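Content type PDB, C-alpha atoms, from the file structure_12.pdb:
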```pdb
ATOM      1  CA  MET B   1     151.855  -2.912  50.623
ATOM      2  CA  PRO B   2     148.382  -2.087  49.240
ATOM      3  CA  VAL B   3     147.243  -4.555  46.572
ATOM      4  CA  ILE B   4     144.952  -4.080  43.578
ATOM      5  CA  ASP B   5     143.456  -7.301  42.206
ATOM      6  CA  MET B   6     142.561  -6.610  38.586
ATOM      7  CA  HIS B   7     140.482  -9.753  38.091
ATOM      8  CA  SER B   8     138.692 -12.085  40.467
ATOM      9  CA  HIS B   9     135.289 -13.725  40.751
ATOM     10  CA  TRP B  10     132.334 -13.710  43.083
ATOM     11  CA  ALA B  11     132.257 -16.238  45.934
ATOM     12  CA  THR B  12     128.530 -15.787  46.554
ATOM     13  CA  ARG B  13     126.129 -18.478  45.375
ATOM     14  CA  ARG B  14     124.477 -16.086  42.943
ATOM     15  CA  GLY B  15     127.704 -14.757  41.499
ATOM     16  CA  TYR B  16     129.951 -17.839  41.552
ATOM     17  CA  PRO B  17     131.590 -18.283  38.111
ATOM     18  CA  LEU B  18     130.740 -21.994  37.854
ATOM     19  CA  GLN B  19     127.031 -22.707  38.075
ATOM     20  CA  SER B  20     126.131 -26.121  36.646
ATOM     21  CA  GLU B  21     126.806 -29.505  38.240
ATOM     22  CA  ALA B  22     129.159 -30.376  35.366
ATOM     23  CA  GLU B  23     131.135 -27.160  35.871
ATOM     24  CA  LEU B  24     131.381 -27.721  39.625
ATOM     25  CA  ALA B  25     132.620 -31.269  39.062
ATOM     26  CA  GLN B  26     135.167 -29.894  36.612
ATOM     27  CA  GLN B  27     136.371 -27.421  39.254
ATOM     28  CA  GLU B  28     137.290 -30.333  41.491
ATOM     29  CA  ARG B  29     139.194 -32.052  38.676
ATOM     30  CA  THR B  30     140.950 -28.994  37.251
ATOM     31  CA  TRP B  31     141.532 -26.735  40.261
ATOM     32  CA  ARG B  32     141.315 -29.434  42.982
ATOM     33  CA  SER B  33     138.888 -27.331  44.947
ATOM     34  CA  ARG B  34     135.211 -27.100  45.787
ATOM     35  CA  PRO B  35     133.045 -24.007  46.156
ATOM     36  CA  ASN B  36     133.009 -22.430  49.585
ATOM     37  CA  TYR B  37     130.134 -20.036  49.117
ATOM     38  CA  ARG B  38     130.327 -16.750  50.999
ATOM     39  CA  THR B  39     127.747 -14.104  51.747
ATOM     40  CA  GLU B  40     128.374 -10.697  50.251
ATOM     41  CA  ALA B  41     129.622  -9.417  53.616
ATOM     42  CA  GLU B  42     131.871 -12.436  54.153
ATOM     43  CA  MET B  43     133.369 -12.030  50.699
ATOM     44  CA  ALA B  44     134.103  -8.352  51.368
ATOM     45  CA  GLU B  45     135.747  -9.334  54.639
ATOM     46  CA  ASP B  46     137.967 -11.802  52.757
ATOM     47  CA  PHE B  47     139.229  -8.883  50.682
ATOM     48  CA  ARG B  48     139.785  -6.694  53.753
ATOM     49  CA  ARG B  49     141.776  -9.392  55.517
ATOM     50  CA  ALA B  50     143.926  -9.896  52.410
ATOM     51  CA  GLY B  51     144.449  -6.141  52.031
ATOM     52  CA  VAL B  52     143.163  -6.032  48.452
ATOM     53  CA  ARG B  53     140.855  -3.878  46.364
ATOM     54  CA  VAL B  54     139.324  -5.926  43.586
ATOM     55  CA  ILE B  55     137.530  -5.756  40.243
ATOM     56  CA  LEU B  56     135.065  -8.648  39.969
ATOM     57  CA  ASP B  57     133.823 -10.750  37.062
ATOM     58  CA  PHE B  58     130.742 -12.977  37.152
ATOM     59  CA  GLY B  59     132.227 -15.184  34.438
ATOM     60  CA  TYR B  60     129.090 -17.082  33.477
ATOM     61  CA  SER B  61     127.256 -13.887  32.530
ATOM     62  CA  LYS B  62     128.838 -14.057  29.071
ATOM     63  CA  TYR B  63     126.349 -16.794  28.204
ATOM     64  CA  LEU B  64     123.302 -14.798  29.306
ATOM     65  CA  ALA B  65     120.923 -12.835  27.130
ATOM     66  CA  PRO B  66     121.073  -9.085  27.919
ATOM     67  CA  GLU B  67     117.706  -9.116  29.711
ATOM     68  CA  LEU B  68     118.972 -11.868  32.025
ATOM     69  CA  ALA B  69     122.348 -10.209  32.575
ATOM     70  CA  ARG B  70     120.739  -6.917  33.608
ATOM     71  CA  PRO B  71     119.591  -7.988  37.121
ATOM     72  CA  LEU B  72     122.957  -9.675  37.671
ATOM     73  CA  HIS B  73     124.800  -6.469  36.802
ATOM     74  CA  ASP B  74     122.507  -4.534  39.143
ATOM     75  CA  TYR B  75     123.189  -7.048  41.917
ATOM     76  CA  GLY B  76     126.886  -6.394  41.309
ATOM     77  CA  PHE B  77     126.472  -2.635  41.511
ATOM     78  CA  ALA B  78     124.451  -2.850  44.746
ATOM     79  CA  THR B  79     127.049  -5.087  46.395
ATOM     80  CA  ILE B  80     129.956  -2.942  45.208
ATOM     81  CA  ARG B  81     128.334   0.207  46.584
ATOM     82  CA  ALA B  82     127.867  -1.519  49.957
ATOM     83  CA  HIS B  83     131.538  -2.509  50.088
ATOM     84  CA  SER B  84     133.232   0.192  48.050
ATOM     85  CA  ASP B  85     136.277   0.196  50.334
ATOM     86  CA  VAL B  86     137.381  -3.130  48.830
ATOM     87  CA  MET B  87     135.302  -3.592  45.652
ATOM     88  CA  LEU B  88     136.296  -1.262  42.830
ATOM     89  CA  GLY B  89     133.829  -2.407  40.165
ATOM     90  CA  GLN B  90     133.096  -5.100  37.641
ATOM     91  CA  TRP B  91     134.079  -6.532  34.283
ATOM     92  CA  VAL B  92     130.979  -7.194  32.173
ATOM     93  CA  HIS B  93     130.661  -9.876  29.480
ATOM     94  CA  PHE B  94     128.396  -9.916  26.442
ATOM     95  CA  GLN B  95     127.730 -11.963  23.340
ATOM     96  CA  ALA B  96     128.656  -9.505  20.629
ATOM     97  CA  GLU B  97     126.620 -11.428  18.070
ATOM     98  CA  LEU B  98     123.443 -10.338  19.908
ATOM     99  CA  GLY B  99     124.051  -6.841  18.582
ATOM    100  CA  ILE B 100     121.984  -3.850  19.674
ATOM    101  CA  PRO B 101     120.376  -5.345  22.846
ATOM    102  CA  ALA B 102     123.809  -6.310  24.213
ATOM    103  CA  LEU B 103     125.290  -2.962  23.220
ATOM    104  CA  ALA B 104     122.395  -1.150  24.921
ATOM    105  CA  GLU B 105     123.021  -3.034  28.171
ATOM    106  CA  PHE B 106     126.718  -2.227  27.998
ATOM    107  CA  HIS B 107     125.856   1.448  27.510
ATOM    108  CA  ARG B 108     123.512   1.274  30.522
ATOM    109  CA  VAL B 109     126.109  -0.207  32.876
ATOM    110  CA  LEU B 110     128.721   2.308  31.707
ATOM    111  CA  GLU B 111     126.334   5.126  32.607
ATOM    112  CA  ILE B 112     125.712   3.602  36.056
ATOM    113  CA  GLY B 113     129.438   3.319  36.603
ATOM    114  CA  THR B 114     129.970   6.939  35.613
ATOM    115  CA  ALA B 115     127.183   7.983  38.000
ATOM    116  CA  GLY B 116     128.946   6.380  40.967
ATOM    117  CA  GLY B 117     128.468   2.658  40.506
ATOM    118  CA  GLY B 118     132.190   1.981  40.367
ATOM    119  CA  PHE B 119     134.572   0.894  37.663
ATOM    120  CA  VAL B 120     133.083  -0.802  34.578
ATOM    121  CA  GLY B 121     135.144  -2.497  31.899
ATOM    122  CA  LEU B 122     134.322  -4.731  28.946
ATOM    123  CA  ALA B 123     135.355  -8.399  29.183
ATOM    124  CA  VAL B 124     135.882 -10.189  25.851
ATOM    125  CA  SER B 125     136.405 -13.932  25.905
ATOM    126  CA  GLY B 126     136.633 -16.134  22.845
ATOM    127  CA  SER B 127     135.820 -19.112  25.075
ATOM    128  CA  GLY B 128     132.434 -20.129  23.772
ATOM    129  CA  GLY B 129     131.964 -16.928  21.773
ATOM    130  CA  LEU B 130     133.337 -14.834  18.951
ATOM    131  CA  PRO B 131     137.082 -14.092  19.049
ATOM    132  CA  ALA B 132     138.030 -10.565  20.060
ATOM    133  CA  SER B 133     138.990  -9.609  16.508
ATOM    134  CA  ASP B 134     135.539 -10.336  15.077
ATOM    135  CA  PRO B 135     133.963  -7.140  13.668
ATOM    136  CA  ALA B 136     130.867  -7.755  15.801
ATOM    137  CA  TRP B 137     132.900  -6.446  18.753
ATOM    138  CA  ASP B 138     133.806  -3.162  17.046
ATOM    139  CA  PRO B 139     130.782  -1.165  18.327
ATOM    140  CA  PHE B 140     131.652  -2.292  21.861
ATOM    141  CA  TYR B 141     135.238  -1.116  21.461
ATOM    142  CA  ARG B 142     134.078   2.224  20.110
ATOM    143  CA  LEU B 143     131.800   2.623  23.119
ATOM    144  CA  CYS B 144     134.755   1.809  25.397
ATOM    145  CA  ILE B 145     136.822   4.542  23.752
ATOM    146  CA  GLU B 146     133.956   7.027  24.030
ATOM    147  CA  ALA B 147     133.467   6.216  27.738
ATOM    148  CA  GLY B 148     137.162   5.911  28.559
ATOM    149  CA  ALA B 149     136.662   2.295  29.657
ATOM    150  CA  PRO B 150     139.210  -0.492  29.085
ATOM    151  CA  ALA B 151     138.654  -3.841  27.382
ATOM    152  CA  LEU B 152     139.830  -7.018  29.084
ATOM    153  CA  ILE B 153     140.627  -9.542  26.332
ATOM    154  CA  PHE B 154     141.219 -13.139  27.373
ATOM    155  CA  VAL B 155     144.240 -14.916  25.932
ATOM    156  CA  GLY B 156     145.770 -18.363  26.287
ATOM    157  CA  THR B 157     144.299 -21.686  27.273
ATOM    158  CA  THR B 158     141.342 -21.919  29.626
ATOM    159  CA  GLY B 159     140.425 -24.420  32.302
ATOM    160  CA  LEU B 160     136.784 -23.989  31.303
ATOM    161  CA  GLY B 161     135.622 -27.151  29.570
ATOM    162  CA  ALA B 162     138.901 -28.997  30.182
ATOM    163  CA  GLY B 163     138.295 -32.747  30.218
ATOM    164  CA  LEU B 164     134.673 -32.432  29.106
ATOM    165  CA  PRO B 165     133.486 -33.879  25.753
ATOM    166  CA  GLY B 166     134.768 -31.649  22.966
ATOM    167  CA  GLY B 167     136.140 -29.260  25.581
ATOM    168  CA  MET B 168     132.537 -28.035  25.994
ATOM    169  CA  GLY B 169     132.701 -26.788  22.395
ATOM    170  CA  ILE B 170     135.444 -24.256  23.190
ATOM    171  CA  THR B 171     138.068 -23.683  20.500
ATOM    172  CA  LEU B 172     141.336 -22.625  22.140
ATOM    173  CA  ASP B 173     142.488 -20.720  19.060
ATOM    174  CA  SER B 174     139.704 -18.171  19.705
ATOM    175  CA  CYS B 175     141.862 -16.883  22.586
ATOM    176  CA  HIS B 176     145.107 -16.729  20.605
ATOM    177  CA  PRO B 177     146.886 -13.362  21.183
ATOM    178  CA  ARG B 178     146.686 -12.649  17.442
ATOM    179  CA  HIS B 179     143.081 -11.567  18.002
ATOM    180  CA  LEU B 180     144.114  -9.081  20.692
ATOM    181  CA  ASP B 181     146.901  -7.787  18.448
ATOM    182  CA  ALA B 182     144.419  -7.109  15.653
ATOM    183  CA  VAL B 183     142.171  -5.145  18.024
ATOM    184  CA  ALA B 184     145.109  -3.123  19.378
ATOM    185  CA  ALA B 185     146.143  -2.247  15.826
ATOM    186  CA  ARG B 186     142.644  -1.200  14.742
ATOM    187  CA  PHE B 187     141.836   0.760  17.904
ATOM    188  CA  ALA B 188     144.962   2.603  19.002
ATOM    189  CA  ASP B 189     142.943   4.716  21.472
ATOM    190  CA  LEU B 190     141.501   1.669  23.238
ATOM    191  CA  THR B 191     143.074   0.666  26.559
ATOM    192  CA  ILE B 192     143.467  -3.129  26.418
ATOM    193  CA  ILE B 193     144.348  -5.580  29.171
ATOM    194  CA  ALA B 194     145.331  -9.135  28.268
ATOM    195  CA  ALA B 195     143.682 -11.478  30.762
ATOM    196  CA  ARG B 196     145.575 -14.591  31.948
ATOM    197  CA  PRO B 197     149.016 -15.781  30.941
ATOM    198  CA  ALA B 198     148.934 -16.441  27.207
ATOM    199  CA  TRP B 199     150.287 -19.993  27.371
ATOM    200  CA  PRO B 200     151.022 -21.732  25.026
ATOM    201  CA  TRP B 201     151.555 -18.529  23.051
ATOM    202  CA  GLN B 202     153.410 -16.518  25.689
ATOM    203  CA  SER B 203     156.223 -15.366  23.377
ATOM    204  CA  GLU B 204     153.663 -13.914  20.966
ATOM    205  CA  MET B 205     151.952 -12.063  23.835
ATOM    206  CA  ILE B 206     155.252 -10.600  25.034
ATOM    207  CA  ALA B 207     155.934  -9.368  21.493
ATOM    208  CA  ILE B 208     152.520  -7.668  21.405
ATOM    209  CA  LEU B 209     153.091  -5.996  24.778
ATOM    210  CA  LEU B 210     156.398  -4.626  23.531
ATOM    211  CA  HIS B 211     154.925  -3.514  20.195
ATOM    212  CA  LYS B 212     151.571  -2.021  21.236
ATOM    213  CA  PRO B 213     151.731   0.720  23.906
ATOM    214  CA  ASN B 214     147.968   0.499  24.541
ATOM    215  CA  VAL B 215     148.217  -3.075  25.889
ATOM    216  CA  TRP B 216     148.808  -4.260  29.480
ATOM    217  CA  CYS B 217     148.359  -7.692  31.045
ATOM    218  CA  GLU B 218     147.070  -9.297  34.232
ATOM    219  CA  LEU B 219     147.948 -12.855  35.195
ATOM    220  CA  HIS B 220     144.900 -14.381  36.886
ATOM    221  CA  GLY B 221     144.229 -18.086  36.917
ATOM    222  CA  TRP B 222     147.827 -19.259  37.409
ATOM    223  CA  SER B 223     150.253 -19.473  40.274
ATOM    224  CA  PRO B 224     153.289 -17.416  39.197
ATOM    225  CA  ARG B 225     155.395 -20.498  39.889
ATOM    226  CA  TYR B 226     154.153 -21.928  36.587
ATOM    227  CA  LEU B 227     154.697 -18.900  34.357
ATOM    228  CA  THR B 228     157.119 -19.455  31.501
ATOM    229  CA  ASP B 229     160.766 -18.677  32.170
ATOM    230  CA  GLU B 230     160.666 -16.070  29.414
ATOM    231  CA  LEU B 231     157.810 -14.198  31.073
ATOM    232  CA  LYS B 232     159.462 -14.390  34.499
ATOM    233  CA  ARG B 233     162.613 -12.821  33.023
ATOM    234  CA  GLU B 234     160.723 -10.008  31.287
ATOM    235  CA  ILE B 235     158.469  -9.014  34.223
ATOM    236  CA  PRO B 236     161.169  -6.976  36.035
ATOM    237  CA  ARG B 237     162.753  -5.801  32.797
ATOM    238  CA  ARG B 238     160.979  -4.806  29.579
ATOM    239  CA  LEU B 239     157.518  -5.477  31.066
ATOM    240  CA  ALA B 240     158.236  -3.738  34.372
ATOM    241  CA  GLU B 241     155.346  -1.274  33.939
ATOM    242  CA  ARG B 242     152.908  -3.532  32.056
ATOM    243  CA  VAL B 243     152.160  -6.540  34.309
ATOM    244  CA  MET B 244     149.472  -6.460  37.018
ATOM    245  CA  PHE B 245     148.407  -8.818  39.774
ATOM    246  CA  ALA B 246     145.116 -10.688  39.504
ATOM    247  CA  ALA B 247     144.066 -13.516  41.781
ATOM    248  CA  ASP B 248     141.113 -15.431  40.330
ATOM    249  CA  TYR B 249     139.658 -15.558  43.863
ATOM    250  CA  PRO B 250     137.941 -17.724  45.096
ATOM    251  CA  LEU B 251     139.592 -20.417  42.942
ATOM    252  CA  PHE B 252     142.974 -19.277  44.338
ATOM    253  CA  SER B 253     143.688 -17.960  47.821
ATOM    254  CA  TYR B 254     145.471 -14.649  48.307
ATOM    255  CA  GLU B 255     147.754 -16.182  50.905
ATOM    256  CA  ARG B 256     149.054 -18.743  48.426
ATOM    257  CA  LEU B 257     149.488 -16.262  45.581
ATOM    258  CA  PHE B 258     151.317 -13.666  47.683
ATOM    259  CA  ALA B 259     153.714 -16.365  48.883
ATOM    260  CA  ASP B 260     154.242 -17.716  45.357
ATOM    261  CA  TRP B 261     155.007 -14.263  43.958
ATOM    262  CA  ARG B 262     157.526 -13.559  46.700
ATOM    263  CA  ALA B 263     159.149 -16.945  46.143
ATOM    264  CA  LEU B 264     160.204 -15.803  42.651
ATOM    265  CA  GLY B 265     162.841 -13.599  44.265
ATOM    266  CA  TYR B 266     161.833 -10.253  42.748
ATOM    267  CA  ASP B 267     162.937  -7.121  44.571
ATOM    268  CA  GLU B 268     160.427  -5.001  46.477
ATOM    269  CA  ARG B 269     160.180  -2.371  43.734
ATOM    270  CA  THR B 270     159.177  -5.019  41.184
ATOM    271  CA  LEU B 271     156.615  -6.531  43.558
ATOM    272  CA  GLU B 272     155.177  -3.089  44.342
ATOM    273  CA  ARG B 273     154.682  -2.480  40.622
ATOM    274  CA  ILE B 274     152.997  -5.869  40.146
ATOM    275  CA  PHE B 275     150.756  -5.616  43.210
ATOM    276  CA  HIS B 276     149.840  -1.944  43.062
ATOM    277  CA  ALA B 277     151.647   0.726  41.047
ATOM    278  CA  ASN B 278     150.981  -0.524  37.514
ATOM    279  CA  ALA B 279     147.286  -1.092  38.185
ATOM    280  CA  ALA B 280     146.938   2.256  39.954
ATOM    281  CA  ALA B 281     148.491   4.005  36.943
ATOM    282  CA  LEU B 282     146.222   2.197  34.504
ATOM    283  CA  LEU B 283     143.085   2.877  36.552
ATOM    284  CA  ALA B 284     144.028   6.544  36.799
ATOM    285  CA  ARG B 285     144.344   6.530  33.003
ATOM    286  CA  VAL B 286     140.699   5.424  32.729
ATOM    287  CA  GLY B 287     139.479   7.863  35.357
ATOM    288  CA  LEU B 288     139.526   5.759  38.530
ATOM    289  CA  GLY B 289     142.237   6.430  41.093
ATOM    290  CA  PRO B 290     142.059   3.926  43.972
ATOM    291  CA  GLY B 291     145.308   5.142  45.563
TER
END
```

Taking this structure as input, can you express it in the form of structure tokens?
Amino acid sequence: MPVIDMHSHWATRRGYPLQSEAELAQQERTWRSRPNYRTEAEMAEDFRRAGVRVILDFGYSKYLAPELARPLHDYGFATIRAHSDVMLGQWVHFQAELGIPALAEFHRVLEIGTAGGGFVGLAVSGSGGLPASDPAWDPFYRLCIEAGAPALIFVGTTGLGAGLPGGMGITLDSCHPRHLDAVAARFADLTIIAARPAWPWQSEMIAILLHKPNVWCELHGWSPRYLTDELKREIPRRLAERVMFAADYPLFSYERLFADWRALGYDERTLERIFHANAAALLARVGLGPG
């Protein structure tokens, strides 16, 4: 079946989500893997072989000043245009506390996306930044609503900083689902996607998904084998139209994830919703229909 990957990363040296020596060493400890850098063409071929169309996230760009993020975003647009058969677009991160310069860059990339640059969505991570409910994000959410773009809000624990002194300064509570819930309540017209499983607060995230009709979720960063039993039960039932596949490539291989999802024993209709139908419906809602 066709597969839409709602959230993965760049495997190129320039775009790889982990950049510093400390981060690369942490990758080996946390994910038991090392970077296998790919050229842009090789990365696109990985997607073709796996049969996926993907939305990409640089990851580290959230720590960049807007003037430094701009050439990275443009690099993303150029690569996506060259491989538009498998690359749908990009999630873009900002530091909301930087105010007008960050908002201006977000407005710029939204205009490029509208003009044919591919999908653009806002990525909001409390890891090393302001939680999603902070009022500094409100102008970004309003711009999303105006442009019809979704916001990807990260929830649950993160491997970033794990095992490093002080967790690299990251406070896990900044990604508690309560912050997403507050945003969904304040901005009922905003399309929101919860990024990652919300462990250790998965029950709270399920409650939010059932309570707020403008919220979906994608489950990157985890093998489905390790999802909570509660979430596994709800995926084919009350969350049948709300859960979407995301790989976290290149940290996870598509081959492994496809096998792990099938090993859960879901029927083909449930798998088709996870791998394609739910994402296709959501993307159509925001004006992008990948088919």

Pick from B:Leu98, B:Ala123, B:Ile170, B:Ile80 nearest to Ser61 in chain B, counting only C-alpha atoms
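So, comparing all the options, the nearest one is B:Ala123.
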
When distances are computed from all atoms listed in the file, which of B:Leu209, B:Ala102, B:Ala194, B:Ala115 shows the smallest separation from Leu68 in chain B?
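Among B:Leu209, B:Ala102, B:Ala194, B:Ala115, it is B:Ala102 that comes nearest to Leu68 in chain B.
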
Just so the selection is clear, what residues does the PyMOL selection byres ((chain B and resi 237-248) around 6) cover here, as number ranges by chain?
B: 5-8, 216-221, 234-236, 249, 251-252, 274-275, 278-279

Write out as a PyMOL selection string the residues lying within 12 Å of Glu67 in chain B, counting only C-alpha atoms and excluding same-chain residues fewer than 6 positions away.
chain B and resi 61+73-74+94+98+101-106+108

Kindly indicate which residue among B:His9, B:Leu190, B:Tyr226, B:Ser174 lies nearest to Leu257 in chain B, using only C-alpha atoms for the distances.
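Checking each of B:His9, B:Leu190, B:Tyr226, B:Ser174 against Leu257 in chain B, counting only C-alpha atoms, the winner is B:Tyr226.
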
Report as an MDAnalysis selection string the full result of the PyMOL selection byres ((chain B and resi 140-156) around 8) when it is applied to this structure.
chainID B and resid 91 96 103 106:107 110 120:126 132 137:139 157:158 172 175:177 180 187 189:202 286:287

Just the number, please: distance in Å from CA of Arg53 in chain B to CA of Pro2 in chain B, one decimal.
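Calculated distance between CA of Arg53 in chain B and CA of Pro2 in chain B is 8.3 Å.
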
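Relative to CA of Pro131 in chain B, CA of His179 in chain B is found at 6.6 Å.
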
Which residues are close to Phe119 in chain B, i.e. within 8 Å by all atoms listed in the file, leaving aside same-chain residues fewer than 5 positions away? Reply as a ChimeraX atom specification.
/B:55,88-90,113-114,288

Export, as a PDB file, keeping the file's coordinate frame, the selected residues with C-alpha atoms.
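For reference, result.pdb as written:
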```pdb
ATOM      1  CA  ILE B  55     137.530  -5.756  40.243  1.00  0.00           C
ATOM      2  CA  LEU B  88     136.296  -1.262  42.830  1.00  0.00           C
ATOM      3  CA  GLY B  89     133.829  -2.407  40.165  1.00  0.00           C
ATOM      4  CA  GLN B  90     133.096  -5.100  37.641  1.00  0.00           C
ATOM      5  CA  GLY B 113     129.438   3.319  36.603  1.00  0.00           C
ATOM      6  CA  THR B 114     129.970   6.939  35.613  1.00  0.00           C
ATOM      7  CA  LEU B 288     139.526   5.759  38.530  1.00  0.00           C
TER       8      LEU B 288
END
```

Where does the PyMOL selection byres ((chain B and resi 258) around 10) land in this file, that is, which residues does it pick, as a list in words?
Ala50, Ser223, Pro224, Phe245, Ala247, Ser253, Tyr254, Glu255, Arg256, Leu257, Ala259, Asp260, Trp261, Arg262, Ala263, Leu271 and Phe275 of chain B
